[in-house]
Amino acid sequence: MATRLGLYNDALAHLGERKLVTVTDDDESRHALDLHYDRALRYCLEQGLWNFALRTVQLDSSAALAPALGYTYAFEQPTDWIRTAQVSADENFTRPLDDFSEEGGNIWYAFVDPIYVQYVSDDAGYGLDIGAWPETFTEYVGCHLAVRVAKRLTAAGAADLAELRKEEKRLRIDARAKDAMNQVAGRMPAGTWVTSRGGGARRGPRSQTLGY
(Lines give C-alpha, C1' and ligand atoms only; values in the text may rest on other atoms or scores of the structure.)
Protein backbone atom coordinates (compact mmCIF):
# COMPACT_ATOMS: atom_id res chain seq x y z
CA MET A 1 0.00 0.00 0.00
CA ALA A 2 1.38 3.38 -1.01
CA THR A 3 2.12 5.99 1.65
CA ARG A 4 3.53 9.50 1.44
CA LEU A 5 6.67 8.35 3.27
CA GLY A 6 7.04 5.43 0.87
CA LEU A 7 6.76 7.74 -2.15
CA TYR A 8 9.36 10.09 -0.70
CA ASN A 9 11.76 7.23 -0.05
CA ASP A 10 11.17 5.77 -3.52
CA ALA A 11 12.16 9.14 -4.97
CA LEU A 12 15.24 9.38 -2.77
CA ALA A 13 16.27 5.84 -3.70
CA HIS A 14 16.25 6.84 -7.38
CA LEU A 15 18.62 9.67 -6.47
CA GLY A 16 20.89 7.61 -4.25
CA GLU A 17 19.96 9.77 -1.26
CA ARG A 18 19.44 8.80 2.38
CA LYS A 19 15.92 7.67 3.24
CA LEU A 20 13.63 9.55 5.59
CA VAL A 21 12.33 8.11 8.84
CA THR A 22 9.14 10.19 8.89
CA VAL A 23 7.50 12.81 6.69
CA THR A 24 8.23 15.38 9.40
CA ASP A 25 12.01 14.96 9.35
CA ASP A 26 13.72 18.35 9.36
CA ASP A 27 15.69 17.50 6.26
CA GLU A 28 16.37 19.31 2.99
CA SER A 29 15.10 16.34 0.98
CA ARG A 30 11.80 16.28 2.86
CA HIS A 31 11.26 20.01 2.32
CA ALA A 32 12.01 19.65 -1.39
CA LEU A 33 9.61 16.74 -1.76
CA ASP A 34 6.90 18.59 0.19
CA LEU A 35 7.18 21.47 -2.26
CA HIS A 36 6.48 19.26 -5.28
CA TYR A 37 4.24 16.57 -3.81
CA ASP A 38 0.74 17.88 -4.63
CA ARG A 39 1.54 18.96 -8.18
CA ALA A 40 3.45 15.75 -8.86
CA LEU A 41 0.45 13.60 -7.91
CA ARG A 42 -1.94 15.56 -10.09
CA TYR A 43 0.52 15.55 -12.99
CA CYS A 44 0.79 11.76 -12.82
CA LEU A 45 -2.98 11.37 -12.63
CA GLU A 46 -3.31 13.43 -15.80
CA GLN A 47 -1.08 11.02 -17.73
CA GLY A 48 -3.65 8.23 -18.08
CA LEU A 49 -7.25 7.13 -17.70
CA TRP A 50 -6.44 5.22 -14.54
CA ASN A 51 -9.15 2.78 -13.46
CA PHE A 52 -8.67 3.53 -9.76
CA ALA A 53 -9.17 7.27 -10.36
CA LEU A 54 -12.21 7.17 -12.67
CA ARG A 55 -15.40 8.79 -11.43
CA THR A 56 -18.76 8.93 -13.21
CA VAL A 57 -21.27 11.71 -12.63
CA GLN A 58 -24.55 13.02 -13.92
CA LEU A 59 -24.30 16.76 -14.50
CA ASP A 60 -27.40 18.94 -14.59
CA SER A 61 -27.20 22.28 -16.36
CA SER A 62 -26.51 25.38 -14.32
CA ALA A 63 -29.18 28.06 -14.13
CA ALA A 64 -26.50 30.57 -13.13
CA LEU A 65 -24.47 30.14 -16.31
CA ALA A 66 -25.43 31.46 -19.75
CA PRO A 67 -24.84 28.95 -22.56
CA ALA A 68 -22.20 29.78 -25.12
CA LEU A 69 -23.43 31.05 -28.48
CA GLY A 70 -25.01 28.17 -30.38
CA TYR A 71 -25.43 25.88 -27.36
CA THR A 72 -28.48 25.32 -25.20
CA TYR A 73 -27.06 24.36 -21.81
CA ALA A 74 -24.04 25.17 -19.64
CA PHE A 75 -22.53 22.82 -17.03
CA GLU A 76 -20.09 23.46 -14.22
CA GLN A 77 -17.07 21.19 -14.42
CA PRO A 78 -16.53 19.12 -11.24
CA THR A 79 -13.91 20.66 -8.96
CA ASP A 80 -12.05 17.33 -8.76
CA TRP A 81 -11.79 16.96 -12.55
CA ILE A 82 -8.35 16.14 -13.95
CA ARG A 83 -9.02 14.63 -17.38
CA THR A 84 -12.12 13.54 -19.30
CA ALA A 85 -12.55 9.89 -20.27
CA GLN A 86 -15.93 10.14 -22.00
CA VAL A 87 -19.13 12.19 -22.20
CA SER A 88 -22.55 10.80 -23.07
CA ALA A 89 -26.18 11.83 -23.41
CA ASP A 90 -27.33 8.73 -21.50
CA GLU A 91 -26.23 7.01 -18.32
CA ASN A 92 -25.39 3.76 -20.15
CA PHE A 93 -22.84 5.62 -22.34
CA THR A 94 -24.40 4.11 -25.46
CA ARG A 95 -24.54 7.53 -27.14
CA PRO A 96 -21.13 9.24 -26.94
CA LEU A 97 -21.60 13.01 -26.91
CA ASP A 98 -19.34 14.50 -29.56
CA ASP A 99 -21.12 17.84 -29.91
CA PHE A 100 -20.07 19.66 -26.76
CA SER A 101 -17.57 22.38 -25.97
CA GLU A 102 -15.33 23.48 -23.11
CA GLU A 103 -14.63 27.11 -22.25
CA GLY A 104 -12.58 28.79 -19.59
CA GLY A 105 -11.26 25.50 -18.31
CA ASN A 106 -14.23 24.84 -16.04
CA ILE A 107 -17.45 25.07 -18.08
CA TRP A 108 -18.94 22.63 -20.59
CA TYR A 109 -21.64 23.45 -23.14
CA ALA A 110 -24.03 21.03 -24.81
CA PHE A 111 -27.40 20.68 -26.51
CA VAL A 112 -28.75 18.07 -24.05
CA ASP A 113 -29.48 18.14 -20.34
CA PRO A 114 -28.34 16.33 -18.26
CA ILE A 115 -25.01 14.97 -19.49
CA TYR A 116 -23.03 12.03 -18.11
CA VAL A 117 -19.30 12.36 -17.70
CA GLN A 118 -16.59 9.90 -16.73
CA TYR A 119 -13.33 11.52 -15.74
CA VAL A 120 -10.09 11.11 -13.81
CA SER A 121 -10.70 12.58 -10.36
CA ASP A 122 -8.27 13.93 -7.79
CA ASP A 123 -10.81 13.47 -5.00
CA ALA A 124 -9.46 11.83 -1.84
CA GLY A 125 -11.80 8.90 -2.49
CA TYR A 126 -10.57 8.39 -6.05
CA GLY A 127 -7.22 9.40 -7.56
CA LEU A 128 -5.75 10.80 -4.36
CA ASP A 129 -6.62 7.71 -2.34
CA ILE A 130 -2.98 6.67 -2.46
CA GLY A 131 -3.59 3.56 -0.38
CA ALA A 132 -5.62 2.16 -3.30
CA TRP A 133 -2.95 2.76 -5.95
CA PRO A 134 -1.57 -0.20 -7.91
CA GLU A 135 2.10 -0.88 -7.26
CA THR A 136 3.14 0.08 -10.79
CA PHE A 137 1.51 3.52 -10.50
CA THR A 138 3.16 4.00 -7.11
CA GLU A 139 6.57 3.30 -8.64
CA TYR A 140 5.85 5.75 -11.46
CA VAL A 141 4.91 8.54 -9.03
CA GLY A 142 8.03 7.93 -6.93
CA CYS A 143 10.21 8.25 -10.01
CA HIS A 144 8.42 11.39 -11.16
CA LEU A 145 9.04 12.96 -7.75
CA ALA A 146 12.71 12.11 -8.14
CA VAL A 147 12.82 13.91 -11.49
CA ARG A 148 11.26 17.03 -9.92
CA VAL A 149 13.72 17.31 -7.02
CA ALA A 150 16.88 15.93 -8.64
CA LYS A 151 18.50 19.28 -9.39
CA ARG A 152 17.86 20.61 -5.90
CA LEU A 153 19.07 17.55 -4.01
CA THR A 154 21.92 16.24 -6.17
CA ALA A 155 24.61 17.36 -8.54
CA ALA A 156 22.89 15.44 -11.34
CA GLY A 157 24.05 16.49 -14.76
CA ALA A 158 22.12 16.46 -18.02
CA ALA A 159 23.04 12.83 -18.72
CA ASP A 160 21.87 11.71 -15.27
CA LEU A 161 18.57 13.55 -15.64
CA ALA A 162 18.08 12.10 -19.11
CA GLU A 163 18.46 8.58 -17.69
CA LEU A 164 16.08 9.35 -14.86
CA ARG A 165 13.49 10.73 -17.27
CA LYS A 166 13.89 7.63 -19.41
CA GLU A 167 13.17 5.47 -16.36
CA GLU A 168 10.15 7.63 -15.52
CA LYS A 169 8.80 7.11 -19.04
CA ARG A 170 9.34 3.35 -18.79
CA LEU A 171 7.47 3.20 -15.48
CA ARG A 172 4.61 5.33 -16.85
CA ILE A 173 4.18 3.06 -19.87
CA ASP A 174 4.30 -0.03 -17.66
CA ALA A 175 1.73 1.43 -15.24
CA ARG A 176 -0.66 2.31 -18.05
CA ALA A 177 -0.28 -1.10 -19.67
CA LYS A 178 -0.98 -2.90 -16.38
CA ASP A 179 -3.93 -0.61 -15.69
CA ALA A 180 -5.41 -1.34 -19.13
CA MET A 181 -5.05 -5.10 -18.55
CA ASN A 182 -7.18 -4.80 -15.42
CA GLN A 183 -10.05 -3.35 -17.42
CA VAL A 184 -12.56 -5.78 -18.89
CA ALA A 185 -12.60 -5.32 -22.67
CA GLY A 186 -15.39 -3.03 -23.78
CA ARG A 187 -16.45 -2.21 -20.25
CA MET A 188 -16.17 0.87 -18.11
CA PRO A 189 -14.58 0.39 -14.68
CA ALA A 190 -17.13 0.40 -11.86
CA GLY A 191 -17.60 3.84 -10.39
CA THR A 192 -19.97 5.72 -8.15
CA TRP A 193 -22.63 7.78 -9.85
CA VAL A 194 -23.07 11.20 -8.30
CA THR A 195 -25.80 13.63 -9.29
CA SER A 196 -24.46 17.15 -9.44
CA ARG A 197 -27.55 18.81 -7.99
CA GLY A 198 -28.64 16.96 -4.85
CA GLY A 199 -29.55 13.32 -4.43
CA GLY A 200 -27.48 10.44 -3.12
CA ALA A 201 -24.87 8.34 -4.81
CA ARG A 202 -25.84 5.18 -6.64
CA ARG A 203 -23.97 2.43 -8.40
CA GLY A 204 -23.77 3.03 -12.11
CA PRO A 205 -23.58 1.04 -15.34
CA ARG A 206 -20.47 0.23 -17.31
CA SER A 207 -19.30 1.09 -20.78
CA GLN A 208 -16.13 1.43 -22.81
CA THR A 209 -13.57 4.09 -21.90
CA LEU A 210 -11.53 6.11 -24.32
CA GLY A 211 -7.94 5.09 -25.00
CA TYR A 212 -4.92 6.66 -23.38
# chains A, B, ... in the order shown; residues from 1 in each chain; ligands from 1
call {"tool": "select_by_dssp", "arguments": {"residues": "range 33-130 of chain A", "states": "alpha helix (DSSP H)", "output": "PyMOL selection string"}}
result
chain A and resi 33-46
call {"tool": "select_by_dssp", "arguments": {"residues": "range 14-153 of chain A", "states": "strand (DSSP E or B)", "output": "ChimeraX atom specification"}}
result
/A:54-59,73-76,81-88,96,100-103,107-110,115-121
call {"tool": "residues_around", "arguments": {"residues": "Ala146 in chain A", "least_positions_apart": "2", "cutoff": "10 Å", "atoms": "only C-alpha atoms", "output": "list of chain:residue names"}}
result
A:Leu7, A:Tyr8, A:Asn9, A:Asp10, A:Ala11, A:Leu12, A:Ala13, A:His14, A:Leu15, A:Leu33, A:His36, A:Ala40, A:Tyr140, A:Val141, A:Gly142, A:Cys143, A:His144, A:Arg148, A:Val149, A:Ala150, A:Lys151, A:Leu153, A:Leu161, A:Leu164, A:Arg165, A:Glu168
call {"tool": "residues_around", "arguments": {"residues": "Asp90 in chain A", "least_positions_apart": "4", "cutoff": "10 Å", "atoms": "only C-alpha atoms", "output": "PyMOL selection string"}}
result
chain A and resi 58+94-97+112-117
call {"tool": "write_last_selection", "arguments": {"atoms": "N, CA and C atoms", "output": "short mmCIF file (atom, residue, chain, number, x, y, z; two decimals), in the first residue's frame"}}
result
data_model
loop_
_atom_site.label_atom_id
_atom_site.label_comp_id
_atom_site.auth_asym_id
_atom_site.auth_seq_id
_atom_site.Cartn_x
_atom_site.Cartn_y
_atom_site.Cartn_z
N GLN A 58 -23.50 12.39 -13.12
CA GLN A 58 -24.55 13.02 -13.92
C GLN A 58 -24.48 14.51 -13.63
N THR A 94 -24.20 4.71 -24.14
CA THR A 94 -24.40 4.11 -25.46
C THR A 94 -24.41 5.16 -26.56
N ARG A 95 -24.53 6.43 -26.17
CA ARG A 95 -24.54 7.53 -27.14
C ARG A 95 -23.44 8.53 -26.77
N PRO A 96 -22.22 8.29 -27.22
CA PRO A 96 -21.13 9.24 -26.94
C PRO A 96 -21.51 10.64 -27.42
N LEU A 97 -21.24 11.63 -26.59
CA LEU A 97 -21.60 13.01 -26.91
C LEU A 97 -20.41 13.70 -27.53
N VAL A 112 -27.89 18.96 -24.83
CA VAL A 112 -28.75 18.07 -24.05
C VAL A 112 -28.53 18.33 -22.57
N ASP A 113 -29.53 17.95 -21.78
CA ASP A 113 -29.48 18.14 -20.34
C ASP A 113 -30.30 17.03 -19.67
N PRO A 114 -29.70 16.24 -18.78
CA PRO A 114 -28.34 16.33 -18.26
C PRO A 114 -27.32 15.67 -19.18
N ILE A 115 -26.05 15.74 -18.81
CA ILE A 115 -25.01 14.97 -19.49
C ILE A 115 -24.35 14.05 -18.47
N TYR A 116 -23.71 13.00 -18.97
CA TYR A 116 -23.03 12.03 -18.11
C TYR A 116 -21.55 12.03 -18.48
N VAL A 117 -20.72 12.19 -17.47
CA VAL A 117 -19.30 12.36 -17.70
C VAL A 117 -18.50 11.38 -16.84
#
call {"tool": "residues_around", "arguments": {"residues": "Glu135 in chain A", "least_positions_apart": "2", "cutoff": "9 Å", "atoms": "only C-alpha atoms", "output": "PDB file with N, CA and C atoms, in the first residue's frame"}}
result
ATOM      1  N   MET A   1       0.845  -1.195   0.000  1.00  0.00           N
ATOM      2  CA  MET A   1       0.000   0.000   0.000  1.00  0.00           C
ATOM      3  C   MET A   1       0.882   1.248   0.000  1.00  0.00           C
ATOM      4  N   ALA A   2       0.587   2.162  -0.900  1.00  0.00           N
ATOM      5  CA  ALA A   2       1.381   3.380  -1.010  1.00  0.00           C
ATOM      6  C   ALA A   2       1.141   4.293   0.193  1.00  0.00           C
ATOM      7  N   TRP A 133      -3.716   2.761  -4.696  1.00  0.00           N
ATOM      8  CA  TRP A 133      -2.955   2.763  -5.947  1.00  0.00           C
ATOM      9  C   TRP A 133      -2.349   1.396  -6.241  1.00  0.00           C
ATOM     10  N   PHE A 137       1.740   2.070 -10.509  1.00  0.00           N
ATOM     11  CA  PHE A 137       1.510   3.515 -10.498  1.00  0.00           C
ATOM     12  C   PHE A 137       2.304   4.163  -9.371  1.00  0.00           C
ATOM     13  N   THR A 138       2.378   3.490  -8.232  1.00  0.00           N
ATOM     14  CA  THR A 138       3.156   3.996  -7.107  1.00  0.00           C
ATOM     15  C   THR A 138       4.620   4.183  -7.507  1.00  0.00           C
ATOM     16  N   GLU A 139       5.173   3.201  -8.202  1.00  0.00           N
ATOM     17  CA  GLU A 139       6.570   3.300  -8.642  1.00  0.00           C
ATOM     18  C   GLU A 139       6.754   4.455  -9.621  1.00  0.00           C
ATOM     19  N   TYR A 140       5.788   4.648 -10.493  1.00  0.00           N
ATOM     20  CA  TYR A 140       5.845   5.747 -11.458  1.00  0.00           C
ATOM     21  C   TYR A 140       5.854   7.096 -10.742  1.00  0.00           C
ATOM     22  N   ALA A 175       2.911   1.217 -16.083  1.00  0.00           N
ATOM     23  CA  ALA A 175       1.733   1.428 -15.238  1.00  0.00           C
ATOM     24  C   ALA A 175       0.464   1.507 -16.075  1.00  0.00           C
TER      25      ALA A 175
END
call {"tool": "closest_residue", "arguments": {"among": "A:Gln47, A:Ala53, A:Asp122, A:Ser101", "to": "Thr79 in chain A", "atoms": "only C-alpha atoms"}}
result
A:Asp122
call {"tool": "residues_around", "arguments": {"residues": "range 107-110 of chain A", "least_positions_apart": "4", "cutoff": "12 Å", "atoms": "only C-alpha atoms", "output": "JSON, numbers by chain"}}
result
{"A": [59, 60, 61, 62, 64, 65, 66, 67, 68, 69, 70, 71, 72, 73, 74, 75, 76, 77, 78, 79, 81, 84, 87, 88, 89, 97, 98, 99, 100, 101, 102, 103, 114, 115, 116, 117]}
call {"tool": "atom_distance", "arguments": {"atom1": "CA of Lys178 in chain A", "atom2": "CA of Thr56 in chain A"}}
result
21.6 Å
